[in-house]
Structure formats: structure tokens, C-alpha cells
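run.cif (mmCIF, C-alpha atoms)
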data_work
loop_
_atom_site.label_atom_id
_atom_site.label_comp_id
_atom_site.auth_asym_id
_atom_site.auth_seq_id
_atom_site.Cartn_x
_atom_site.Cartn_y
_atom_site.Cartn_z
CA MET A 516 -19.44 -26.94 77.74
CA ASP A 517 -18.12 -30.23 76.41
CA TRP A 518 -15.25 -30.66 73.98
CA LEU A 519 -17.45 -30.38 70.87
CA GLU A 520 -19.00 -27.17 72.05
CA GLN A 521 -15.57 -25.77 72.76
CA GLU A 522 -14.44 -26.72 69.28
CA LEU A 523 -17.56 -25.13 67.82
CA LYS A 524 -16.80 -21.91 69.65
CA ALA A 525 -13.32 -21.94 68.16
CA ALA A 526 -14.54 -22.86 64.67
CA LEU A 527 -17.25 -20.21 64.69
CA ALA A 528 -15.16 -17.46 66.28
CA ARG A 529 -15.71 -14.07 64.77
CA GLU A 530 -13.52 -13.15 61.84
CA ASP A 531 -12.60 -9.72 60.61
CA PRO A 532 -14.08 -8.64 57.31
CA PRO A 533 -11.73 -7.81 54.43
CA ALA A 534 -9.49 -4.77 54.84
CA ASP A 535 -11.17 -1.43 54.20
CA PHE A 536 -14.63 -2.93 54.73
CA ALA A 537 -15.48 -0.02 57.01
CA GLY A 538 -14.14 2.45 54.46
CA ARG A 539 -16.31 0.94 51.73
CA VAL A 540 -19.38 1.11 53.96
CA MET A 541 -18.72 4.76 54.78
CA ARG A 542 -18.22 5.66 51.11
CA ARG A 543 -21.48 3.96 50.15
CA ALA A 544 -23.30 5.58 53.05
CA GLU A 545 -22.21 9.00 51.83
CA ARG A 546 -23.60 8.42 48.33
CA PRO A 547 -27.03 9.89 47.53
CA VAL A 548 -29.84 7.41 48.09
CA VAL A 549 -31.11 5.75 44.94
CA TYR A 550 -34.72 4.71 45.11
CA GLN A 551 -35.10 0.97 44.59
CA TRP A 552 -37.82 0.45 42.02
CA PRO A 553 -39.98 -2.61 42.37
CA ARG A 554 -38.96 -5.08 39.68
CA TRP A 555 -42.19 -4.93 37.68
CA LEU A 556 -42.07 -1.14 37.60
CA ALA A 557 -38.45 -1.20 36.52
CA ALA A 558 -39.39 -3.54 33.66
CA ALA A 559 -42.26 -1.27 32.62
CA ALA A 560 -40.01 1.77 32.85
CA ALA A 561 -37.42 -0.06 30.77
CA VAL A 562 -40.01 -0.62 28.05
CA VAL A 563 -40.98 3.04 28.04
CA VAL A 564 -37.37 4.16 27.99
CA LEU A 565 -36.44 1.74 25.23
CA ALA A 566 -39.44 2.73 23.16
CA GLY A 567 -38.69 6.39 23.73
CA ALA A 568 -35.08 5.94 22.73
CA GLY A 569 -36.27 4.39 19.47
CA MET A 570 -34.48 1.12 20.25
CA GLY A 571 -37.53 -0.80 19.24
CA TYR A 572 -39.36 -3.91 20.13
CA ARG A 573 -36.54 -6.23 19.00
CA GLN A 574 -34.13 -4.73 21.53
CA TYR A 575 -36.69 -5.12 24.26
CA ARG A 576 -37.38 -8.74 23.27
CA GLY A 577 -33.67 -9.41 23.17
CA GLU A 578 -33.09 -8.04 26.67
CA MET A 579 -36.04 -10.03 27.99
CA ALA A 580 -34.80 -13.18 26.24
CA LYS A 581 -31.36 -12.66 27.73
CA GLU A 582 -32.80 -12.39 31.25
CA GLN A 583 -34.83 -15.55 30.74
CA VAL A 584 -31.81 -17.40 29.32
CA MET A 585 -29.71 -16.48 32.36
CA GLN A 586 -32.45 -17.47 34.77
CA ALA A 587 -33.08 -20.78 33.01
CA PHE A 588 -29.42 -21.76 33.05
CA LYS A 589 -29.03 -20.65 36.64
CA ILE A 590 -31.84 -22.96 37.71
CA ALA A 591 -30.58 -25.88 35.59
CA SER A 592 -26.97 -25.53 36.75
CA VAL A 593 -27.91 -25.32 40.42
CA LYS A 594 -30.01 -28.46 40.17
CA VAL A 595 -27.31 -30.41 38.30
CA ASN A 596 -24.69 -29.19 40.77
CA ARG A 597 -26.83 -30.29 43.69
CA ILE A 598 -27.47 -33.69 42.20
CA GLN A 599 -23.77 -34.21 41.56
CA THR A 600 -22.99 -33.21 45.15
CA HIS A 601 -25.39 -35.87 46.39
CA VAL A 602 -23.86 -38.46 44.09
CA LEU A 603 -20.30 -37.65 45.13
CA GLU A 604 -21.15 -37.68 48.83
CA VAL A 605 -22.85 -41.05 48.54
CA ALA A 606 -20.07 -42.48 46.39
CA ARG A 607 -17.31 -41.57 48.87
CA MET B 1416 -47.20 -12.36 -3.80
CA LYS B 1417 -48.74 -15.61 -2.65
CA PRO B 1418 -45.46 -17.56 -2.52
CA PHE B 1419 -43.91 -14.68 -0.55
CA ARG B 1420 -46.74 -14.76 1.97
CA ALA B 1421 -46.36 -18.53 2.32
CA LEU B 1422 -42.63 -18.13 2.95
CA VAL B 1423 -43.24 -15.50 5.63
CA LEU B 1424 -45.84 -17.69 7.31
CA ALA B 1425 -43.54 -20.70 7.22
CA GLY B 1426 -40.81 -18.56 8.75
CA CYS B 1427 -43.16 -17.49 11.54
CA VAL B 1428 -44.20 -21.06 12.24
CA ALA B 1429 -40.57 -22.18 12.35
CA ALA B 1430 -39.75 -19.39 14.77
CA LEU B 1431 -42.61 -20.44 16.98
CA ALA B 1432 -41.78 -24.14 16.66
CA ASN B 1433 -41.47 -25.69 20.04
CA ALA B 1434 -38.49 -27.99 20.48
CA GLN B 1435 -39.68 -29.18 23.90
CA GLN B 1436 -39.05 -32.91 24.09
CA PHE B 1437 -41.73 -33.96 26.57
CA GLN B 1438 -44.85 -32.43 28.09
CA PHE B 1439 -44.61 -31.01 31.60
CA ASN B 1440 -48.39 -30.93 32.32
CA LEU B 1441 -47.76 -28.98 35.52
CA ASP B 1442 -49.79 -25.82 34.88
CA HIS B 1443 -52.33 -26.86 37.51
CA LEU B 1444 -49.65 -26.30 40.17
CA ALA B 1445 -49.31 -22.60 39.40
CA ALA B 1446 -52.48 -21.75 41.31
CA LYS B 1447 -51.10 -23.41 44.46
CA ALA B 1448 -47.55 -22.07 44.18
CA SER B 1449 -46.24 -19.06 46.06
CA GLU B 1450 -43.67 -18.56 43.30
CA THR B 1451 -43.64 -19.85 39.75
CA VAL B 1452 -40.91 -19.74 37.14
CA ASP B 1453 -42.10 -20.59 33.65
CA ILE B 1454 -39.53 -20.23 30.90
CA SER B 1455 -40.02 -21.42 27.36
CA LEU B 1456 -37.27 -20.49 24.91
CA ASN B 1457 -37.13 -22.10 21.49
CA GLY B 1458 -34.07 -21.98 19.26
CA SER B 1459 -34.67 -18.55 17.82
CA MET B 1460 -35.37 -16.99 21.20
CA LEU B 1461 -32.19 -18.59 22.54
CA GLN B 1462 -30.19 -17.13 19.69
CA LEU B 1463 -31.80 -13.74 20.20
CA GLY B 1464 -30.98 -13.83 23.91
CA ALA B 1465 -27.44 -14.98 23.15
CA LYS B 1466 -26.84 -11.86 21.06
CA PHE B 1467 -27.43 -9.73 24.14
CA LEU B 1468 -25.17 -11.72 26.46
CA ASP B 1469 -22.05 -9.84 27.48
CA PRO B 1470 -18.91 -11.91 26.80
CA LYS B 1471 -17.03 -9.79 29.36
CA ASP B 1472 -19.27 -11.09 32.12
CA PRO B 1473 -17.95 -14.56 33.07
CA ASP B 1474 -21.43 -15.97 33.83
CA GLN B 1475 -22.93 -14.66 30.61
CA ASP B 1476 -19.93 -15.79 28.60
CA LYS B 1477 -20.28 -19.35 29.93
CA VAL B 1478 -23.98 -19.39 29.10
CA LYS B 1479 -23.32 -18.00 25.63
CA LYS B 1480 -21.00 -20.93 24.95
CA LEU B 1481 -23.53 -23.41 26.32
CA ILE B 1482 -26.31 -22.08 24.09
CA GLY B 1483 -24.51 -22.82 20.82
CA GLY B 1484 -26.40 -25.54 18.95
CA LEU B 1485 -29.28 -25.79 21.44
CA GLU B 1486 -32.81 -26.00 20.12
CA GLY B 1487 -34.70 -24.94 23.23
CA VAL B 1488 -34.67 -24.53 27.00
CA TYR B 1489 -37.82 -25.09 29.02
CA VAL B 1490 -38.13 -24.62 32.76
CA LYS B 1491 -41.02 -24.92 35.13
CA SER B 1492 -40.28 -24.36 38.80
CA PHE B 1493 -42.77 -24.03 41.61
CA GLU B 1494 -42.25 -23.07 45.24
CA PHE B 1495 -45.00 -23.76 47.73
CA GLN B 1496 -45.79 -22.47 51.20
CA LYS B 1497 -46.41 -25.96 52.48
CA ALA B 1498 -45.58 -29.52 51.62
CA GLY B 1499 -48.06 -31.76 49.84
CA GLU B 1500 -49.07 -29.38 47.05
CA TRP B 1501 -47.52 -31.51 44.31
CA THR B 1502 -48.09 -35.25 44.18
CA PRO B 1503 -46.02 -38.20 42.98
CA ALA B 1504 -48.52 -38.50 40.13
CA ASP B 1505 -47.31 -35.15 38.79
CA LEU B 1506 -43.80 -36.57 38.43
CA GLU B 1507 -44.98 -40.00 37.23
CA ALA B 1508 -46.72 -38.40 34.25
CA ILE B 1509 -43.36 -36.98 33.21
CA ARG B 1510 -41.37 -40.13 34.00
CA LYS B 1511 -43.70 -42.14 31.75
CA GLN B 1512 -42.65 -39.99 28.81
CA LEU B 1513 -39.00 -40.38 29.75
CA LYS B 1514 -39.33 -44.16 29.45
CA ALA B 1515 -39.33 -43.75 25.67
CA PRO B 1516 -36.37 -45.58 24.10
CA GLU B 1517 -34.43 -42.43 23.23
CA TRP B 1518 -34.26 -41.44 26.90
CA SER B 1519 -32.08 -43.02 29.56
CA LYS B 1520 -31.86 -42.17 33.22
CA ILE B 1521 -28.28 -41.49 34.23
CA VAL B 1522 -28.74 -40.29 37.79
CA GLY B 1523 -31.36 -40.89 40.42
CA VAL B 1524 -30.84 -39.68 43.98
CA LYS B 1525 -33.35 -39.96 46.75
CA SER B 1526 -32.96 -38.54 50.25
CA THR B 1527 -35.65 -39.92 52.49
CA ALA B 1528 -34.57 -37.71 55.40
CA GLU B 1529 -35.12 -34.54 53.39
CA GLY B 1530 -37.90 -35.91 51.17
CA GLU B 1531 -35.89 -35.00 48.06
CA THR B 1532 -35.83 -36.78 44.72
CA ASP B 1533 -33.48 -35.73 41.92
CA GLU B 1534 -33.16 -37.34 38.50
CA ILE B 1535 -31.27 -36.59 35.30
CA TYR B 1536 -32.19 -38.19 31.96
CA LEU B 1537 -30.28 -37.96 28.70
CA ARG B 1538 -31.83 -38.16 25.27
CA SER B 1539 -29.64 -39.55 22.55
CA GLN B 1540 -29.83 -40.32 18.88
CA ASN B 1541 -27.18 -42.08 16.83
CA GLY B 1542 -24.85 -42.03 19.80
CA LYS B 1543 -25.10 -38.27 20.31
CA ILE B 1544 -26.77 -36.40 23.15
CA THR B 1545 -29.79 -34.53 21.90
CA GLY B 1546 -31.39 -33.44 25.16
CA VAL B 1547 -31.44 -33.41 28.96
CA ALA B 1548 -34.28 -33.69 31.41
CA ILE B 1549 -33.83 -32.70 35.05
CA LEU B 1550 -36.43 -33.50 37.69
CA ALA B 1551 -35.77 -31.97 41.12
CA ALA B 1552 -38.39 -32.47 43.77
CA GLU B 1553 -38.49 -31.34 47.39
CA PRO B 1554 -41.44 -31.15 49.75
CA LYS B 1555 -42.01 -27.45 48.99
CA GLU B 1556 -40.45 -27.13 45.55
CA LEU B 1557 -40.75 -28.84 42.21
CA THR B 1558 -38.54 -28.08 39.24
CA VAL B 1559 -38.53 -29.64 35.80
CA VAL B 1560 -36.05 -28.65 33.11
CA ASN B 1561 -35.75 -29.75 29.50
CA ILE B 1562 -32.78 -28.62 27.46
CA ALA B 1563 -33.14 -29.66 23.85
CA GLY B 1564 -29.95 -30.09 21.88
CA PRO B 1565 -26.37 -31.19 22.46
CA VAL B 1566 -25.85 -30.31 26.15
CA ASP B 1567 -22.52 -30.43 27.94
CA LEU B 1568 -23.48 -31.54 31.45
CA ASP B 1569 -20.03 -30.83 32.87
CA SER B 1570 -20.13 -27.23 31.64
CA LEU B 1571 -23.64 -26.89 33.00
CA ALA B 1572 -22.55 -28.13 36.42
CA GLU B 1573 -19.50 -25.88 36.28
CA LEU B 1574 -21.81 -22.90 35.93
CA GLY B 1575 -22.89 -23.61 39.46
CA GLY B 1576 -19.47 -22.43 40.61
CA HIS B 1577 -20.18 -19.04 39.10
CA TYR B 1578 -23.36 -18.40 41.04
CA HIS B 1579 -21.69 -18.11 44.48
CA ILE B 1580 -22.24 -21.82 44.84
CA PRO B 1581 -19.30 -24.00 45.79
CA LYS B 1582 -17.99 -25.88 42.77
CA VAL B 1583 -18.23 -29.62 43.00
CA ASP B 1584 -15.21 -31.51 41.83
CA VAL B 1585 -16.75 -33.52 39.02
CA GLY B 1586 -14.72 -36.41 37.73
CA LYS B 1587 -15.13 -37.07 34.03
CA GLN B 1588 -18.13 -39.30 33.59
CA LYS B 1589 -18.23 -42.12 31.06
CA MET C 383 -24.60 25.64 64.22
CA ILE C 384 -26.36 23.16 66.48
CA GLU C 385 -27.68 21.15 63.49
CA LEU C 386 -24.21 20.93 62.01
CA GLN C 387 -22.85 19.59 65.26
CA GLU C 388 -25.55 16.92 65.51
CA ALA C 389 -24.91 15.80 61.94
CA ARG C 390 -21.20 15.43 62.66
CA GLU C 391 -21.87 13.46 65.82
CA THR C 392 -24.21 11.13 63.97
CA ALA C 393 -21.57 10.56 61.28
CA LEU C 394 -18.95 9.83 63.92
CA ASP C 395 -21.29 7.51 65.77
CA PHE C 396 -22.05 5.58 62.61
CA ALA C 397 -18.39 5.11 61.84
CA GLU C 398 -17.81 3.94 65.41
CA LEU C 399 -20.72 1.52 65.14
CA VAL C 400 -19.30 0.07 61.94
CA LYS C 401 -15.90 -0.35 63.54
CA GLU C 402 -17.32 -1.92 66.67
CA HIS C 403 -19.73 -4.35 65.06
CA GLN C 404 -18.22 -5.17 61.66
CA SER C 405 -16.73 -8.46 62.84
CA MET C 406 -19.99 -9.59 64.34
CA VAL C 407 -22.07 -8.72 61.29
CA PHE C 408 -19.57 -10.08 58.79
CA SER C 409 -19.05 -13.30 60.75
CA VAL C 410 -22.78 -14.04 61.05
CA CYS C 411 -23.06 -13.65 57.28
CA TRP C 412 -19.86 -15.58 56.53
CA HIS C 413 -20.61 -18.55 58.76
CA PHE C 414 -24.15 -18.73 57.41
CA LEU C 415 -23.49 -18.19 53.72
CA HIS C 416 -20.03 -19.79 53.55
CA SER C 417 -19.03 -17.30 50.87
CA ARG C 418 -16.83 -14.35 51.76
CA ASP C 419 -17.97 -12.30 48.76
CA GLN C 420 -21.61 -12.73 49.58
CA ALA C 421 -20.94 -12.19 53.27
CA GLU C 422 -19.30 -8.86 52.53
CA ASP C 423 -22.14 -7.76 50.25
CA VAL C 424 -24.78 -8.65 52.81
CA ALA C 425 -22.81 -7.13 55.68
CA GLN C 426 -22.50 -3.86 53.77
CA GLU C 427 -26.26 -3.82 53.19
CA VAL C 428 -26.87 -4.36 56.90
CA PHE C 429 -24.76 -1.34 57.81
CA LEU C 430 -26.33 0.79 55.10
CA GLY C 431 -29.69 -0.15 56.58
CA LEU C 432 -28.45 1.05 59.94
CA HIS C 433 -27.34 4.31 58.37
CA ARG C 434 -30.79 4.87 56.89
CA ASN C 435 -32.46 4.12 60.22
CA LEU C 436 -29.95 5.79 62.50
CA ALA C 437 -32.47 8.33 63.76
CA SER C 438 -34.55 5.54 65.30
CA ILE C 439 -31.62 3.93 67.14
CA GLN C 440 -31.82 4.84 70.81
CA SER C 441 -28.41 3.81 72.12
CA ALA C 442 -25.19 2.02 71.28
CA ALA C 443 -26.57 -1.15 72.87
CA HIS C 444 -29.75 -0.86 70.83
CA ALA C 445 -27.61 -0.53 67.70
CA GLY C 446 -25.83 -3.77 68.54
CA HIS C 447 -29.10 -5.66 69.00
CA TRP C 448 -30.52 -4.09 65.85
CA LEU C 449 -27.47 -5.04 63.79
CA ARG C 450 -27.47 -8.61 64.99
CA LYS C 451 -31.16 -9.11 64.24
CA VAL C 452 -30.93 -7.54 60.80
CA ALA C 453 -27.73 -9.44 59.96
CA VAL C 454 -29.53 -12.69 60.79
CA GLN C 455 -32.54 -11.79 58.63
CA ARG C 456 -30.49 -10.55 55.69
CA ALA C 457 -28.19 -13.57 55.75
CA ILE C 458 -31.16 -15.94 55.71
CA ASP C 459 -32.80 -13.95 52.89
CA ALA C 460 -29.58 -14.00 50.89
CA GLY C 461 -29.29 -17.74 51.38
CA ARG C 462 -32.81 -18.21 50.03
CA ARG C 463 -32.40 -15.84 47.10
CA ARG C 464 -29.36 -17.57 45.91
CA PHE C 465 -30.78 -20.49 43.85
CA ARG C 466 -30.28 -23.28 46.21
CA ARG C 467 -26.76 -24.16 46.85
CA PRO C 468 -26.34 -27.89 46.86
CA GLN C 469 -27.35 -28.14 50.48
CA VAL C 470 -26.98 -31.68 51.68
CA ALA C 471 -28.89 -32.62 54.78
CA LEU C 472 -26.43 -33.35 57.54
CA ALA C 473 -27.83 -36.84 57.95
CA ASP C 474 -27.10 -37.55 54.27
CA VAL C 475 -23.46 -36.53 54.34
CA ALA C 476 -21.64 -39.79 53.76
CA GLU C 477 -18.66 -40.53 55.89
CA PRO C 478 -15.24 -41.37 54.52
CA VAL C 479 -14.03 -44.91 54.98
CA ALA C 480 -10.57 -43.83 56.07
CA PRO C 481 -9.40 -45.27 59.39
CA ALA C 482 -9.86 -43.22 62.53
CA VAL C 483 -7.24 -40.56 63.14
CA GLU C 484 -5.99 -39.32 66.44
CA ARG C 485 -6.60 -35.71 65.64
CA ASP C 486 -7.93 -33.85 62.68
CA PRO C 487 -5.92 -30.66 62.28
CA MET C 488 -8.67 -29.36 60.03
CA LEU C 489 -11.39 -29.93 62.61
CA GLY C 490 -12.39 -26.27 62.58
CA GLU C 491 -12.87 -26.28 58.82
CA THR C 492 -14.69 -29.62 59.03
CA LEU C 493 -17.07 -28.20 61.61
CA ARG C 494 -17.68 -25.06 59.55
CA ARG C 495 -18.46 -27.19 56.49
CA LEU C 496 -20.81 -29.40 58.44
CA ILE C 497 -22.56 -26.37 59.93
CA ALA C 498 -22.94 -24.94 56.40
CA THR C 499 -24.88 -28.03 55.35
CA LEU C 500 -27.51 -27.62 58.07
CA PRO C 501 -30.92 -26.27 57.08
CA GLU C 502 -31.19 -22.52 57.59
CA ALA C 503 -32.90 -22.40 61.00
CA PRO C 504 -30.62 -24.79 62.93
CA ARG C 505 -27.62 -23.35 61.10
CA MET C 506 -28.33 -19.84 62.32
CA VAL C 507 -29.18 -21.10 65.82
CA MET C 508 -25.76 -22.78 66.02
CA ILE C 509 -24.03 -19.62 64.81
CA LEU C 510 -25.78 -17.44 67.36
CA ARG C 511 -25.02 -19.93 70.11
CA TYR C 512 -21.35 -20.56 69.41
CA GLN C 513 -20.25 -17.42 67.60
CA GLU C 514 -22.26 -14.93 69.63
CA ASP C 515 -22.53 -16.92 72.86
CA LEU C 516 -26.26 -16.19 73.13
CA ASP C 517 -28.42 -18.34 75.34
CA PRO C 518 -31.54 -20.01 73.93
CA ALA C 519 -33.87 -17.27 75.17
CA GLU C 520 -31.76 -14.60 73.48
CA ILE C 521 -31.57 -16.66 70.28
CA GLY C 522 -35.34 -17.04 70.36
CA GLN C 523 -35.73 -13.26 70.55
CA VAL C 524 -33.35 -12.60 67.67
CA MET C 525 -34.95 -15.21 65.44
CA ASP C 526 -38.58 -14.79 66.62
CA MET C 527 -38.57 -18.45 67.53
CA PRO C 528 -39.95 -20.26 70.58
CA VAL C 529 -37.24 -21.19 73.08
CA ALA C 530 -38.25 -24.86 72.91
CA THR C 531 -37.61 -24.83 69.17
CA VAL C 532 -34.21 -23.22 69.68
CA LYS C 533 -33.25 -25.88 72.21
CA SER C 534 -34.47 -28.63 69.91
CA HIS C 535 -32.37 -27.29 67.03
CA LEU C 536 -29.31 -27.12 69.29
CA GLN C 537 -29.74 -30.62 70.64
CA ARG C 538 -30.37 -32.23 67.28
CA SER C 539 -27.55 -30.38 65.55
CA LEU C 540 -25.05 -31.27 68.27
CA ALA C 541 -26.13 -34.90 68.19
CA LEU C 542 -25.74 -35.04 64.42
CA LEU C 543 -22.34 -33.37 64.53
CA ARG C 544 -21.15 -35.81 67.20
CA GLU C 545 -22.30 -38.73 65.09
CA LYS C 546 -20.62 -37.40 61.96
CA LEU C 547 -17.38 -36.66 63.75
CA ALA C 548 -17.38 -40.03 65.52
CA ARG C 549 -17.57 -41.78 62.15
CA ARG C 550 -14.55 -39.81 61.06
CA GLY C 551 -12.72 -41.09 64.11
CA LEU C 552 -12.98 -37.87 66.04
CA ARG C 553 -14.16 -38.44 69.56
CA GLU C 554 -13.40 -36.71 72.82
CA ASP C 555 -11.32 -39.58 74.10
CA LYS C 556 -9.17 -39.48 70.96
CA TRP C 557 -8.82 -35.74 71.01
CA THR C 558 -5.32 -34.89 72.09
CA GLY C 559 -5.79 -31.10 71.78
#
Using C-alpha cells, write down the structure from this file.
Amino acid sequence: MDWLEQELKAALAREDPPADFAGRVMRRAERPVVYQWPRWLAAAAAVVVLAGAGMGYRQYRGEMAKEQVMQAFKIASVKVNRIQTHVLEVAR
Amino acid sequence: MKPFRALVLAGCVAALANAQQFQFNLDHLAAKASETVDISLNGSMLQLGAKFLDPKDPDQDKVKKLIGGLEGVYVKSFEFQKAGEWTPADLEAIRKQLKAPEWSKIVGVKSTAEGETDEIYLRSQNGKITGVAILAAEPKELTVVNIAGPVDLDSLAELGGHYHIPKVDVGKQK
Amino acid sequence: MIELQEARETALDFAELVKEHQSMVFSVCWHFLHSRDQAEDVAQEVFLGLHRNLASIQSAAHAGHWLRKVAVQRAIDAGRRRFRRPQVALADVAEPVAPAVERDPMLGETLRRLIATLPEAPRMVMILRYQEDLDPAEIGQVMDMPVATVKSHLQRSLALLREKLARRGLREDKWTG
């Protein structure tokens, strides 16, 4: 191994996870399993639940709008962030 | 009765009014895409969504502040299994619209190694920002975003730091 | 009575497996995702997956191989799910114009940052090579990738890193470590 490979070994040496990582894993493992609904089914179930709870169509629309708002801004912010990274790297 | 009906109709039309500032014309790509994101939120939908944002959640709180005063947010993003599904003509059709006098390109970055092209355009009227257009193109992904209204680009970029993405130290831009 | 004993042994074994492999799993995720929070989340999911599939694990060695493979897959998936971090191609990372320095005390951090900018496949290949000390054939098995492709990723990544470091004034002959 040459010097770079030795440095890479040092730089990529294993690191310990945060304290009590193992404890957190064990506690989660002991919890009852929750079935992971597919997303579309969860959305459909949400509609049924909301309708059943009498929360109405407006509540449902609001929740859906909120999800779309968050997704839209996530996409926009990631793209702007990436573009600014490129600009700063080139400008250095 | 009649005037009331007219008022209700006008209200409905206003609610449906689209504040999108240029046409994307990218629907033909949906059939080729493995994943498509298509978001179209006019002012009233934005305000409705904002009401359900939780100010205790830092991400949602930031977005809630960004939304204030916006007239619409429109996103089309396509991911493809292979390169070559979108063509330069797809982007040119959008760029032509962004040559209108109210638009100015503030950033254009091209990486030939990665085949990436990224552009940001600002729309302004009377010295004030009234919209942003973002074009982000990679061989297997194409994203176009239009945010209509007074957008704070720095705050938008700062959001990136909240989505487990390293924050970029942005100097204040003139 | 016998069933109770088996259940206890399984629980003990799982805890031992977590203790033995947590550094490996966490480090694969951390070096790939470059976010400690995300790395911990993904690492936890990997171990929970092991817990759910414990009955199909044949031996302690099998568990280690299983964990490594799943950690690699989950880290790559997490990297993709996260709306793209501003990943700059290594070749596009501009070099500072500062004069060459004898030694960069932050070389380790510099290397980790440069590795984090690699595309996902070469990035994971480098991690498995230099963190886990796997040879190309072993890396190919973990990543379901032809050995020739693994070797190509290694060669190209090392060449790019050397070039980037050389421009920063870091070369073997100047290294006084």
C-alpha cells in the first residue's frame, strides 16, 4: 500500500456509534412490530379515517396541501443549495 | 340571487387562478420517467397548506415563513432509468420564455464531466423580485421549479441545511 | 422450558451481534452518508432487520456478512432517498490557490470530504476497501458488481484523489508524517 492508501485507511477507520446506540437498538427490537403500510394505502386509510372522524374534506385537502408544500420546497432548496455549492467551488 | 352566484363563481375562478409564470411543456416526459413529481400549488392552496404546517417543527416553520406572500409554487421533476430521455429542446422551450425582459439569469453552472446543467432565473418588476425559475438537468433527471412571488433565495438555500444536507456558506449576494 | 431457553439465547446472541458489529455498520453508513444522524438511523434499521431475520442467520460469521451487505444497501438507498445532496463530481471540485503546504493536519477530514463527493458506487467501493479491508473480489460480492468494475472504480478514485491532493500541495515526497 502506498502513502495515500495508508492515509485512506486511517481516514476511513471505523468509528464507534454514539453512546447507548446498542441500548437504543435493543429497546426498539423489543417493541411490538408495526406493519409498514404502503404509502398509497396509508393515504387511502387516512382519507377513510378523516372522513369517519368527521374532520371533513377541508382537513384532508389541507394535509395533502401541506405534504405537497413540504415536498416542493425540499426539491427547490436542494437544487438551489447544489447550484450554490457548484458556484462556490468554482469561485474558490 | 344572480349577483351572489356571480360572486361565488368569481371566487372559485380566483381560487383556481394559476400564478405559474411560464409554461413547462414537459408532460410528454412523464410516460418515459421512472418517477415523476408534479406539484402545482396556487396562492390559496399554499395558504391552506401553510395553516397545517407545525411551527414547532424547524423544517415546517422555515417553510411557513417562506410561503408568506407567495402566489404559487410549481414543480415538475422527472427521474429516468437511462440517459437520453429528455432532450436539450425540452429545456430550450423553457429558456425561450425566460428570455422575456422581466426575467434575468443570475446563475448558470455547467459540469461537462457529470453532464449537469443548473440555472437560476429571477423575475423582477419595479426593482422587486416577483419570481424564481430553477432549471436543474442531469443525464437521468430533469427538474423545473417556478416559485411565483417575492422569494428569499438565501432562506431557500438555508433550508437545504435542514434536510440532512450540509449547509453551504452563502455569502450575501448583491 | 426448552423454548424459553432458545428465546433467551437468541436475545443474547442478538445483543452480542449488535455489540460486535455496531462499529462496522455505523461506520459504513457514516462514511457513505457523511451525516452522523442519518448514519445512526440507518444503522439502527440494519440491526432491526437482522432481528427480524435472525431465524435465517446460520452462524456468527453469516451474521457479519449479512450485516455488511445490508448496511451497504441501506446506506445507498438512504443516500438516494435524501433529495440529492449537493454532490459535486470529484473532477469538478476546484482547488484552492493557496501555496503548497508541507503537511495538512486535516488530511483525514479532507480525504473523508473528497470521498463523500464521489458518486455512490465508487464511494462505497472505497469505503469497503479502506474501512473494511476487503479485496476487490469480496467487494464485488457485497455490491453484486463485477470485479473488473470494482477495480476500475478503485483505480479511478485513487487517481482523482492523488490529483486533487497534489494540487493542494500534498504529495508523498512532501509528507513528513
Please provide as a VMD selection string all residues within 7 Å of Ala1434 (chain B), with the sequence filter that same-chain residues fewer than 4 positions apart are discarded (counting only C-alpha atoms).
-> chain B and resid 1457 1486 to 1487 1563
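Distances from A:Lys581, A:Arg529, A:Arg597, A:Arg543 to chain B were compared using all atoms listed in the file, and the smallest one belongs to A:Lys581.
In this comparison, which uses all atoms listed in the file, the residue of B:Asp1474, B:Glu1500, B:Glu1553, B:Asp1505 approaching Lys1525 (chain B) most closely is B:Glu1553.
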Specify as a list of chain:residue names all residues of chain A found within 7 Å of chain B, counting only C-alpha atoms.
-> A:Gly577, A:Glu578, A:Ala580, A:Lys581, A:Gln583, A:Val584, A:Ala587, A:Ala591, A:Ser592, A:Val593, A:Lys594, A:Val595, A:Asn596, A:Ile598, A:Thr600
Please provide the set of residues having any atom within 8 Å of Asn1440 (chain B), restricted to only C-alpha atoms, with same-chain residues fewer than 2 positions apart removed, written as a PyMOL selection string.
-> chain B and resi 1438+1442-1443+1505+1508-1509
Might you pull out every residue within 10 Å of Ser1449 (chain B), with all atoms listed in the file counted and same-chain residues fewer than 4 positions away left off, and present them as a PyMOL selection string?
-> chain B and resi 1444-1445+1493-1497+1555-1556
Give me, as a compact mmCIF listing (two decimals) with C-alpha atoms, keeping the file's coordinate frame, all polymer residues having an atom no more than 12 Å from Arg456 (chain C), counting all atoms listed in the file and skipping those fewer than 5 positions away in the same chain.
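What landed in result.txt:
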# COMPACT_ATOMS: atom_id res chain seq x y z
CA VAL C 407 -22.07 -8.72 61.29
CA PHE C 408 -19.57 -10.08 58.79
CA VAL C 410 -22.78 -14.04 61.05
CA CYS C 411 -23.06 -13.65 57.28
CA TRP C 412 -19.86 -15.58 56.53
CA PHE C 414 -24.15 -18.73 57.41
CA LEU C 415 -23.49 -18.19 53.72
CA GLN C 420 -21.61 -12.73 49.58
CA ALA C 421 -20.94 -12.19 53.27
CA GLU C 422 -19.30 -8.86 52.53
CA ASP C 423 -22.14 -7.76 50.25
CA VAL C 424 -24.78 -8.65 52.81
CA ALA C 425 -22.81 -7.13 55.68
CA GLN C 426 -22.50 -3.86 53.77
CA GLU C 427 -26.26 -3.82 53.19
CA VAL C 428 -26.87 -4.36 56.90
CA PHE C 429 -24.76 -1.34 57.81
CA GLY C 431 -29.69 -0.15 56.58
CA LEU C 449 -27.47 -5.04 63.79
CA ARG C 450 -27.47 -8.61 64.99
CA LYS C 451 -31.16 -9.11 64.24
CA GLY C 461 -29.29 -17.74 51.38
CA ARG C 462 -32.81 -18.21 50.03
CA ARG C 463 -32.40 -15.84 47.10
CA MET C 506 -28.33 -19.84 62.32
CA MET C 525 -34.95 -15.21 65.44
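For chain A, the residues having at least one atom no farther than 7 Å from chain C, when counting only C-alpha atoms, are Trp518, Leu523, Lys524, Ala526, Leu527, Ala528, Arg529, Glu530, Asp531, Pro532, Ala537, Val540, Ala544, Ile590, Val593, Asn596, Arg597, Thr600, His601, Glu604, Val605 and Arg607 of chain A.
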Could you tell me how far CA of Ala498 (chain C) lies from CA of Ala530 (chain C), in Å and to one decimal?
->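 Computing the Euclidean distance for CA of Ala498 (chain C) and CA of Ala530 (chain C) yields 22.5 Å.
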State, in Å with one decimal place, the distance from CA of Glu545 (chain A) to CA of Val524 (chain C).
-> 29.0 Å
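CA of Pro1473 (chain B) is positioned 28.5 Å from CA of Arg1538 (chain B).
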From the list C:Met527, C:Ala541, C:Ile521, C:Ala460, which residue is nearest chain B when using all atoms listed in the file?
->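 Of C:Met527, C:Ala541, C:Ile521, C:Ala460, the one nearest chain B, counting all atoms listed in the file, is C:Ala460.
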Selected residue, from B:Glu1531, B:Gly1484, B:Gly1458, B:Gln1435, that lies nearest to chain C when counting only C-alpha atoms =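 Under the stated criterion, the closest residue is B:Glu1531.
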